[in-house]
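Visitor: Below you'll find final22.cif; it's mmCIF, C-alpha atoms and all ligand atoms.
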data_final
#
loop_
_atom_site.label_atom_id
_atom_site.label_comp_id
_atom_site.auth_asym_id
_atom_site.auth_seq_id
_atom_site.Cartn_x
_atom_site.Cartn_y
_atom_site.Cartn_z
CA MET A 1 -20.05 -9.45 8.37
CA ASP A 2 -20.29 -6.56 10.76
CA GLY A 3 -16.74 -5.41 10.25
CA ARG A 4 -15.65 -6.38 13.76
CA GLY A 5 -15.57 -10.12 13.28
CA ALA A 6 -12.68 -12.14 12.03
CA PRO A 7 -11.78 -10.95 8.56
CA VAL A 8 -12.12 -13.71 6.06
CA GLY A 9 -11.14 -14.61 2.57
CA ARG A 10 -7.64 -13.25 2.64
CA ARG A 11 -5.98 -15.23 -0.09
CA ILE A 12 -2.43 -14.06 -0.34
CA VAL A 13 -0.08 -14.60 -3.19
CA LEU A 14 3.43 -14.97 -1.96
CA GLY A 15 5.54 -14.61 -5.04
CA ALA A 16 9.13 -15.64 -5.48
CA VAL A 17 9.37 -12.65 -7.77
CA GLY A 18 12.45 -11.79 -9.69
CA LEU A 19 13.84 -15.27 -9.32
CA GLY A 20 12.06 -16.73 -12.30
CA ALA A 21 10.13 -18.98 -9.98
CA GLY A 22 6.37 -19.11 -10.16
CA ALA A 23 4.14 -17.55 -7.59
CA VAL A 24 2.83 -19.61 -4.71
CA VAL A 25 -0.79 -19.23 -3.81
CA ALA A 26 -1.09 -19.92 -0.11
CA ALA A 27 -4.40 -20.99 1.36
CA PRO A 28 -5.29 -18.79 4.31
CA PHE A 29 -4.45 -21.42 6.90
CA LEU A 30 -1.07 -21.94 5.30
CA GLN A 31 -0.13 -18.35 4.92
CA ARG A 32 1.27 -17.82 8.36
CA GLN A 33 3.40 -20.91 8.19
CA VAL A 34 4.69 -19.92 4.78
CA GLU A 35 5.48 -16.44 6.01
CA ARG A 36 7.16 -17.75 9.12
CA GLY A 37 9.27 -19.96 6.92
CA LEU A 38 10.36 -17.09 4.72
CA GLY A 39 10.95 -14.88 7.72
CA ALA A 40 12.97 -17.57 9.41
CA VAL A 41 15.19 -17.95 6.36
CA ALA A 42 15.84 -14.21 6.29
CA ASP A 43 16.43 -14.07 10.03
CA LYS A 44 18.98 -16.88 10.00
CA ASP A 45 20.86 -15.70 6.95
CA PRO A 46 24.30 -14.60 8.14
CA THR A 47 25.30 -13.53 4.63
CA GLY A 48 22.51 -10.99 4.38
CA VAL A 49 21.87 -12.23 0.85
CA SER A 50 18.19 -12.81 1.57
CA GLY A 51 17.94 -9.11 2.33
CA LEU A 52 18.65 -8.53 -1.34
CA LEU A 53 15.71 -10.62 -2.44
CA PRO A 54 12.62 -8.68 -3.38
CA ASN A 55 10.91 -7.68 -0.16
CA GLY A 56 13.71 -9.05 1.96
CA GLY A 57 14.66 -7.41 5.20
CA GLY A 58 11.57 -8.62 6.99
CA PHE A 59 9.05 -7.62 4.34
CA ARG A 60 6.68 -10.04 2.73
CA TYR A 61 5.63 -9.78 -0.87
CA TYR A 62 1.89 -9.25 -1.16
CA SER A 63 -0.23 -9.07 -4.26
CA VAL A 64 -3.81 -10.10 -4.74
CA ALA A 65 -3.14 -10.14 -8.49
CA THR A 66 -1.05 -13.01 -9.77
CA ARG A 67 0.67 -10.94 -12.44
CA VAL A 68 1.39 -7.25 -12.30
CA PRO A 69 2.75 -5.39 -15.33
CA ARG A 70 5.88 -3.30 -15.04
CA ARG A 71 5.67 0.41 -15.58
CA GLY A 72 8.46 2.93 -15.70
CA ALA A 73 9.40 6.44 -16.78
CA ASP A 74 7.99 5.93 -20.28
CA ASP A 75 4.59 4.49 -19.54
CA TYR A 76 3.75 5.19 -15.90
CA ARG A 77 0.91 7.65 -15.29
CA LEU A 78 -0.85 8.72 -12.11
CA THR A 79 -4.25 10.19 -12.88
CA VAL A 80 -6.22 12.41 -10.52
CA GLY A 81 -9.94 12.75 -11.16
CA GLY A 82 -13.44 12.63 -9.75
CA LEU A 83 -14.58 15.63 -7.71
CA VAL A 84 -11.71 17.96 -8.59
CA ARG A 85 -11.51 21.25 -10.48
CA ARG A 86 -8.45 20.25 -12.50
CA LYS A 87 -8.02 16.66 -13.57
CA ALA A 88 -4.37 15.72 -13.78
CA SER A 89 -2.07 13.05 -15.14
CA TYR A 90 1.48 12.87 -13.76
CA THR A 91 4.45 11.15 -15.31
CA LEU A 92 7.15 9.77 -13.06
CA ASP A 93 9.39 12.73 -13.85
CA GLU A 94 6.61 15.14 -12.98
CA LEU A 95 6.13 13.45 -9.62
CA ARG A 96 9.88 13.53 -9.01
CA ALA A 97 9.89 17.27 -9.72
CA LEU A 98 7.43 17.98 -6.89
CA PRO A 99 8.70 18.58 -3.33
CA GLN A 100 9.72 15.28 -1.73
CA THR A 101 9.09 14.38 1.90
CA ARG A 102 11.00 11.63 3.71
CA ILE A 103 9.53 9.99 6.77
CA VAL A 104 10.88 7.08 8.80
CA ARG A 105 8.15 4.99 10.37
CA ASP A 106 7.30 1.42 11.27
CA VAL A 107 5.49 -0.86 8.86
CA GLN A 108 2.84 -3.11 10.39
CA CYS A 109 0.90 -5.77 8.50
CA VAL A 110 -2.28 -7.22 9.96
CA THR A 111 -0.80 -10.71 9.83
CA GLY A 112 1.67 -9.73 12.52
CA TRP A 113 4.93 -8.99 10.79
CA ARG A 114 6.42 -5.58 11.16
CA VAL A 115 9.47 -3.76 9.96
CA LEU A 116 10.69 -0.99 12.21
CA LYS A 117 11.97 2.42 11.13
CA THR A 118 11.52 2.19 7.40
CA PRO A 119 12.27 5.27 5.30
CA PHE A 120 9.59 6.24 2.77
CA GLU A 121 9.93 9.20 0.46
CA GLY A 122 7.63 10.90 -1.98
CA VAL A 123 5.09 13.61 -2.58
CA ARG A 124 2.59 14.43 0.12
CA LEU A 125 -0.84 13.33 -1.04
CA SER A 126 -2.17 16.66 0.28
CA ARG A 127 0.00 18.50 -2.26
CA ILE A 128 -1.51 16.51 -5.13
CA LEU A 129 -5.01 17.10 -3.80
CA ASP A 130 -4.37 20.84 -3.46
CA ASP A 131 -3.04 21.04 -7.00
CA ALA A 132 -6.17 19.31 -8.29
CA GLY A 133 -8.52 21.60 -6.35
CA VAL A 134 -10.81 19.33 -4.34
CA ARG A 135 -14.47 20.24 -4.77
CA GLY A 136 -16.61 20.97 -1.71
CA ARG A 137 -18.73 17.86 -2.18
CA ALA A 138 -15.74 15.54 -1.99
CA LYS A 139 -15.52 13.55 1.23
CA ALA A 140 -13.13 10.74 0.43
CA VAL A 141 -10.37 9.49 -1.82
CA ARG A 142 -10.35 6.25 -3.75
CA PHE A 143 -7.08 4.71 -4.91
CA VAL A 144 -6.78 2.50 -7.96
CA CYS A 145 -3.83 0.30 -8.91
CA PHE A 146 -2.45 -0.86 -12.22
CA ASP A 147 -2.53 -4.46 -11.08
CA GLY A 148 -6.16 -4.13 -12.13
CA THR A 149 -7.58 -5.45 -8.87
CA TYR A 150 -6.52 -3.67 -5.71
CA THR A 151 -8.25 -0.56 -4.45
CA GLU A 152 -8.03 1.47 -1.28
CA SER A 153 -9.76 4.40 0.35
CA LEU A 154 -9.22 7.20 2.84
CA THR A 155 -11.47 9.92 4.13
CA LEU A 156 -10.44 13.36 2.93
CA ALA A 157 -9.23 14.28 6.42
CA GLN A 158 -7.04 11.17 6.57
CA ALA A 159 -5.74 11.80 3.06
CA ARG A 160 -4.64 15.30 4.02
CA ARG A 161 -2.44 14.15 6.91
CA ASP A 162 1.20 14.99 6.38
CA ASP A 163 2.28 11.39 6.97
CA VAL A 164 0.42 10.11 3.91
CA LEU A 165 2.69 9.98 0.88
CA VAL A 166 2.54 9.16 -2.79
CA CYS A 167 5.74 7.27 -2.41
CA LEU A 168 8.55 7.03 -4.99
CA ARG A 169 11.30 5.71 -2.74
CA MET A 170 11.44 3.19 0.07
CA GLN A 171 14.46 2.26 2.17
CA ASP A 172 16.31 5.09 0.39
CA LYS A 173 16.06 3.41 -3.00
CA ALA A 174 13.73 3.85 -5.94
CA LEU A 175 10.64 1.81 -5.14
CA PRO A 176 11.12 -1.63 -6.72
CA HIS A 177 8.32 -3.41 -8.56
CA ALA A 178 7.90 -5.93 -5.76
CA HIS A 179 7.14 -3.14 -3.29
CA GLY A 180 4.63 -1.54 -5.64
CA GLY A 181 7.00 0.50 -7.80
CA PRO A 182 7.31 2.83 -9.41
CA VAL A 183 4.70 4.47 -7.13
CA ARG A 184 2.79 3.28 -4.08
CA LEU A 185 0.79 4.95 -1.39
CA TYR A 186 2.21 5.07 2.13
CA VAL A 187 -0.25 5.66 4.95
CA ALA A 188 2.08 5.73 7.94
CA PRO A 189 -0.43 5.58 10.82
CA MET A 190 -2.44 2.69 9.43
CA TYR A 191 -1.95 -1.00 8.76
CA PHE A 192 0.05 -1.66 5.65
CA TYR A 193 -2.94 -2.83 3.60
CA LYS A 194 -3.87 0.84 3.26
CA SER A 195 -0.58 1.46 1.44
CA ALA A 196 -1.72 0.54 -2.05
CA LYS A 197 1.05 -0.70 -4.33
CA TRP A 198 1.31 0.08 -8.07
CA LEU A 199 -0.77 3.22 -7.59
CA SER A 200 -2.26 4.53 -10.83
CA GLY A 201 -5.35 6.53 -9.93
CA ILE A 202 -6.55 8.96 -7.29
CA GLU A 203 -10.24 9.73 -7.41
CA LEU A 204 -12.15 12.15 -5.21
CA THR A 205 -15.55 10.75 -4.20
CA ASP A 206 -18.53 11.99 -2.21
CA GLU A 207 -18.33 9.02 0.16
CA VAL A 208 -15.83 6.37 1.16
CA VAL A 209 -15.74 3.51 -1.32
CA PRO A 210 -14.39 0.53 0.66
CA GLY A 211 -11.19 -0.96 -0.70
CA TYR A 212 -10.26 -4.53 -1.54
CA TRP A 213 -9.66 -5.81 2.01
CA GLU A 214 -12.32 -3.57 3.46
CA ARG A 215 -14.94 -5.33 1.37
CA ARG A 216 -13.58 -8.51 2.92
CA GLY A 217 -14.01 -7.46 6.53
CA TYR A 218 -11.09 -5.24 7.45
CA ASP A 219 -11.73 -1.86 8.99
CA ILE A 220 -11.77 1.16 6.73
CA ASP A 221 -10.20 3.23 9.49
CA ALA A 222 -7.18 1.01 9.87
CA TRP A 223 -5.29 2.84 12.64
CA VAL A 224 -2.54 0.61 13.93
CA GLY A 225 -3.64 -0.77 17.28
CA ARG A 226 -7.11 0.75 17.04
CA SER A 227 -8.89 -1.34 14.43
CA ASN A 228 -9.65 -4.96 13.65
CA GLY A 229 -6.41 -5.18 11.72
CA ARG A 230 -4.87 -6.29 14.97
CA ASP A 231 -1.67 -8.24 14.88
CA ASP A 232 -3.23 -11.33 16.40
CA ALA A 233 -5.82 -11.49 13.63
CA PRO A 234 -6.68 -15.10 12.79
CA THR A 235 -5.90 -16.66 9.40
CA THR A 236 -5.48 -13.42 7.55
N1 LIG A 301 -1.85 -3.26 -5.20
C1 LIG A 301 -1.71 -3.88 -4.00
N2 LIG A 301 -1.31 -3.16 -2.93
C2 LIG A 301 -1.16 -3.75 -1.73
C3 LIG A 301 -1.45 -5.12 -1.55
C4 LIG A 301 -1.87 -5.86 -2.69
O1 LIG A 301 -2.13 -7.07 -2.63
N3 LIG A 301 -1.98 -5.21 -3.90
N4 LIG A 301 -1.33 -5.70 -0.31
C5 LIG A 301 -1.31 -4.82 0.87
C6 LIG A 301 -0.83 -5.49 2.06
S1 LIG A 301 -1.94 -6.48 2.87
C7 LIG A 301 0.42 -5.30 2.54
S2 LIG A 301 0.93 -5.98 4.03
C8 LIG A 301 1.41 -4.49 1.81
C9 LIG A 301 2.66 -5.32 1.52
O2 LIG A 301 3.63 -4.53 0.92
P1 LIG A 301 5.00 -5.17 0.43
O3 LIG A 301 4.66 -6.19 -0.63
O4 LIG A 301 5.80 -4.02 -0.07
O5 LIG A 301 5.64 -5.83 1.64
O6 LIG A 301 0.90 -3.99 0.58
C10 LIG A 301 -0.45 -3.58 0.61
N5 LIG A 301 -0.76 -3.00 -0.67
MO MO A 302 -0.90 -6.85 4.91
#
How would this structure read if it were set down as structure tokens?
Guide:
Amino acid sequence: MDGRGAPVGRRIVLGAVGLGAGAVVAAPFLQRQVERGLGAVADKDPTGVSGLLPNGGGFRYYSVATRVPRRGADDYRLTVGGLVRRKASYTLDELRALPQTRIVRDVQCVTGWRVLKTPFEGVRLSRILDDAGVRGRAKAVRFVCFDGTYTESLTLAQARRDDVLVCLRMQDKALPHAHGGPVRLYVAPMYFYKSAKWLSGIELTDEVVPGYWERRGYDIDAWVGRSNGRDDAPTT
């Protein structure tokens, strides 16, 4: 895999979360049809009720882990470590007490669906990095999730952009579990796979450690429109 070819192995779990129904594991070739079906239901719903379902409103629920624990004000922690001067561990309240930034941008998944003008709100990642005191040797950031499986990465320069948030709110509501709550990453200029859900760890590293999808063929530099996460990607 040279990184430019068709990404493979994208097994998506589309979960009917919150409805008591079990998760559906869609084979890659089925995923698009399944998503189209769900999207079609939402699009044709004159009551708007489907917009109240987890990840309604055009979003799809994605998780590579079949079960993800719930964490809240009592037990959520975001740790910051690796090549930093001051390791840190934030509670939800501590994150809420930091300056919040709200940005309204489009969401674009590599499988083609997009949701325009979505508000995201949270703490700039750059603020958290500054507070930790990034060491000179650090070149990249690795993100770890409490689903136990997903990881992501950014170069330090990307991580310091002001449109990269440690996000506590989405669509002007507290981030629900299905969208990666209580805390997810939001990397506005990149495909949505960079926006790690259920964020639990930020680690400064001396080189980029490719994330979950990046080890499976997706570009590390996932700029929308300028990477292989294009929206006509086959069987993602
Ligand atoms: N922890 C975790 N984060 C993740 C994913 C995942 O499977 N696990 N999927 C990514 C992908 S491919 C997409 S498109 C978005 C989907 O976000 P949503 O479920 O809020 O729509 O989350 C991204 N972040
Ligand atoms: Mo995605």
Visitor: Could you give me the residues within 8 Å of ligand LIG 301 (chain A), counting only C-alpha atoms and all ligand atoms, as JSON, numbers by chain?
Guide: {"A": [12, 13, 55, 59, 60, 61, 62, 63, 64, 65, 108, 109, 110, 111, 145, 146, 147, 149, 150, 151, 178, 179, 180, 184, 191, 192, 193, 194, 195, 196, 197, 198, 199, 213]}
Visitor: Identify which of the residues A:Gly81, A:Pro176, A:Pro99, A:Gly112 lies closest to ligand MO 302 (chain A), counting all atoms listed in the file when measuring atom-to-atom distances.
Guide: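 That would be A:Gly112, the residue with the smallest distance to ligand MO 302 (chain A).
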Visitor: As an MDAnalysis selection string, please: the residues near Val123 (chain A) (cut-off 7 Å, only C-alpha atoms, same-chain neighbours under 3 positions excluded).
Guide: chainID A and resid 98:101 165:167
Visitor: Can you tell me, as a PyMOL selection string, what residues are no more than 9 Å from Arg142 (chain A) when counting all atoms listed in the file, ignoring any on the same chain fewer than 6 positions away?
Guide: chain A and resi 151-155+201-205+208-211
Visitor: Store the residues picked out above, limited to C-alpha atoms, as an mmCIF file, in the frame of the given file.
Guide:
data_model
loop_
_atom_site.group_PDB
_atom_site.id
_atom_site.type_symbol
_atom_site.label_atom_id
_atom_site.label_comp_id
_atom_site.auth_asym_id
_atom_site.auth_seq_id
_atom_site.Cartn_x
_atom_site.Cartn_y
_atom_site.Cartn_z
ATOM 1 C CA THR A 151 -8.250 -0.560 -4.450
ATOM 2 C CA GLU A 152 -8.030 1.470 -1.280
ATOM 3 C CA SER A 153 -9.760 4.400 0.350
ATOM 4 C CA LEU A 154 -9.220 7.200 2.840
ATOM 5 C CA THR A 155 -11.470 9.920 4.130
ATOM 6 C CA GLY A 201 -5.350 6.530 -9.930
ATOM 7 C CA ILE A 202 -6.550 8.960 -7.290
ATOM 8 C CA GLU A 203 -10.240 9.730 -7.410
ATOM 9 C CA LEU A 204 -12.150 12.150 -5.210
ATOM 10 C CA THR A 205 -15.550 10.750 -4.200
ATOM 11 C CA VAL A 208 -15.830 6.370 1.160
ATOM 12 C CA VAL A 209 -15.740 3.510 -1.320
ATOM 13 C CA PRO A 210 -14.390 0.530 0.660
ATOM 14 C CA GLY A 211 -11.190 -0.960 -0.700
#
Visitor: What is the distance, in Å and to one decimal place, between CA of Val115 (chain A) and CA of Gly58 (chain A)?
Guide: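 Answer for the CA of Val115 (chain A) to CA of Gly58 (chain A) separation: 6.1 Å.
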Visitor: Do you know which residues lie at most 12 Å from (-6.4, 13.9, -14.5), with coordinates as in the file and all atoms listed in the file counted, and could you write them as a list of chain:residue names?
Guide: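 Residues lying no farther than 12 Å from the given point: A:Arg77, A:Leu78, A:Thr79, A:Val80, A:Gly81, A:Gly82, A:Leu83, A:Val84, A:Arg85, A:Arg86, A:Lys87, A:Ala88, A:Ser89, A:Tyr90, A:Thr91, A:Ile128, A:Leu129, A:Asp131, A:Ala132, A:Gly133, A:Ser200, A:Gly201, A:Ile202, A:Glu203, A:Leu204.
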Visitor: Tell me which protein, DNA and RNA residues are within 12 Å of Glu121 (chain A), counting all atoms listed in the file, leaving out same-chain ones fewer than 2 positions away, and put them as number ranges by chain.
Guide: A: 95-96, 98-105, 118-119, 123-125, 163-175, 183-188
Visitor: Rounded to one decimal place, report the CA of Ala138 (chain A)-CA of Ala157 (chain A) distance in Å.
Guide: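 Answer for the CA of Ala138 (chain A) to CA of Ala157 (chain A) separation: 10.7 Å.
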Visitor: Could you jot down the CA of Glu94 (chain A) to CA of Tyr76 (chain A) separation for me, Å, one decimal place?
Guide: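 We find that CA of Glu94 (chain A) and CA of Tyr76 (chain A) lie 10.8 Å from each other.
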Visitor: Pick the closest to ligand MO 302 (chain A) from A:Val107, A:Ala140, A:Ala97, A:Val68: which is it, counting only C-alpha atoms and all ligand atoms?
Guide: A:Val107
Visitor: In terms of the shortest atom-to-atom distance over only C-alpha atoms and all ligand atoms, which of A:Arg135, A:Gly225, A:His177, A:Met190 is closest to ligand MO 302 (chain A)?
Guide: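 Between A:Arg135, A:Gly225, A:His177, A:Met190, the residue approaching ligand MO 302 (chain A) most closely is A:Met190.
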Visitor: For ligand MO 302 (chain A), which of A:Leu116, A:Ala222, A:Pro182, A:Gly136 is the closest residue, counting all atoms listed in the file?
Guide: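 Of A:Leu116, A:Ala222, A:Pro182, A:Gly136, the one nearest ligand MO 302 (chain A), counting all atoms listed in the file, is A:Ala222.
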Visitor: Take every atom of region 56-60 of chain A listed in the file, fit an axis-aligned box around them, add 3 Å per side, and give the centre and edge lengths in Å to one decimal as lines of an AutoDock Vina configuration file.
Guide:
center_x = 10.7
center_y = -8.7
center_z = 4.5
size_x = 14.0
size_y = 8.6
size_z = 11.0
Visitor: List as a PyMOL selection string: which residues have an atom within 6 Å of (-2.0, 15.8, 1.5), counting all atoms listed in the file?
Guide: chain A and resi 124-127+159-162
Visitor: For the residues selected in the previous step, produce a file with C-alpha atoms as a PDB file, in the coordinates of the input.
Guide:
ATOM      1  CA  ARG A 124       2.590  14.430   0.120  1.00  0.00           C
ATOM      2  CA  LEU A 125      -0.840  13.330  -1.040  1.00  0.00           C
ATOM      3  CA  SER A 126      -2.170  16.660   0.280  1.00  0.00           C
ATOM      4  CA  ARG A 127       0.000  18.500  -2.260  1.00  0.00           C
ATOM      5  CA  ALA A 159      -5.740  11.800   3.060  1.00  0.00           C
ATOM      6  CA  ARG A 160      -4.640  15.300   4.020  1.00  0.00           C
ATOM      7  CA  ARG A 161      -2.440  14.150   6.910  1.00  0.00           C
ATOM      8  CA  ASP A 162       1.200  14.990   6.380  1.00  0.00           C
TER       9      ASP A 162
END
Visitor: Nearest to ligand MO 302 (chain A) among A:Asp130, A:Pro189, A:Arg114, A:Ala73, with distances taken over all atoms listed in the file: which residue is it?
Guide: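 Smallest distance to ligand MO 302 (chain A) is found for A:Arg114.
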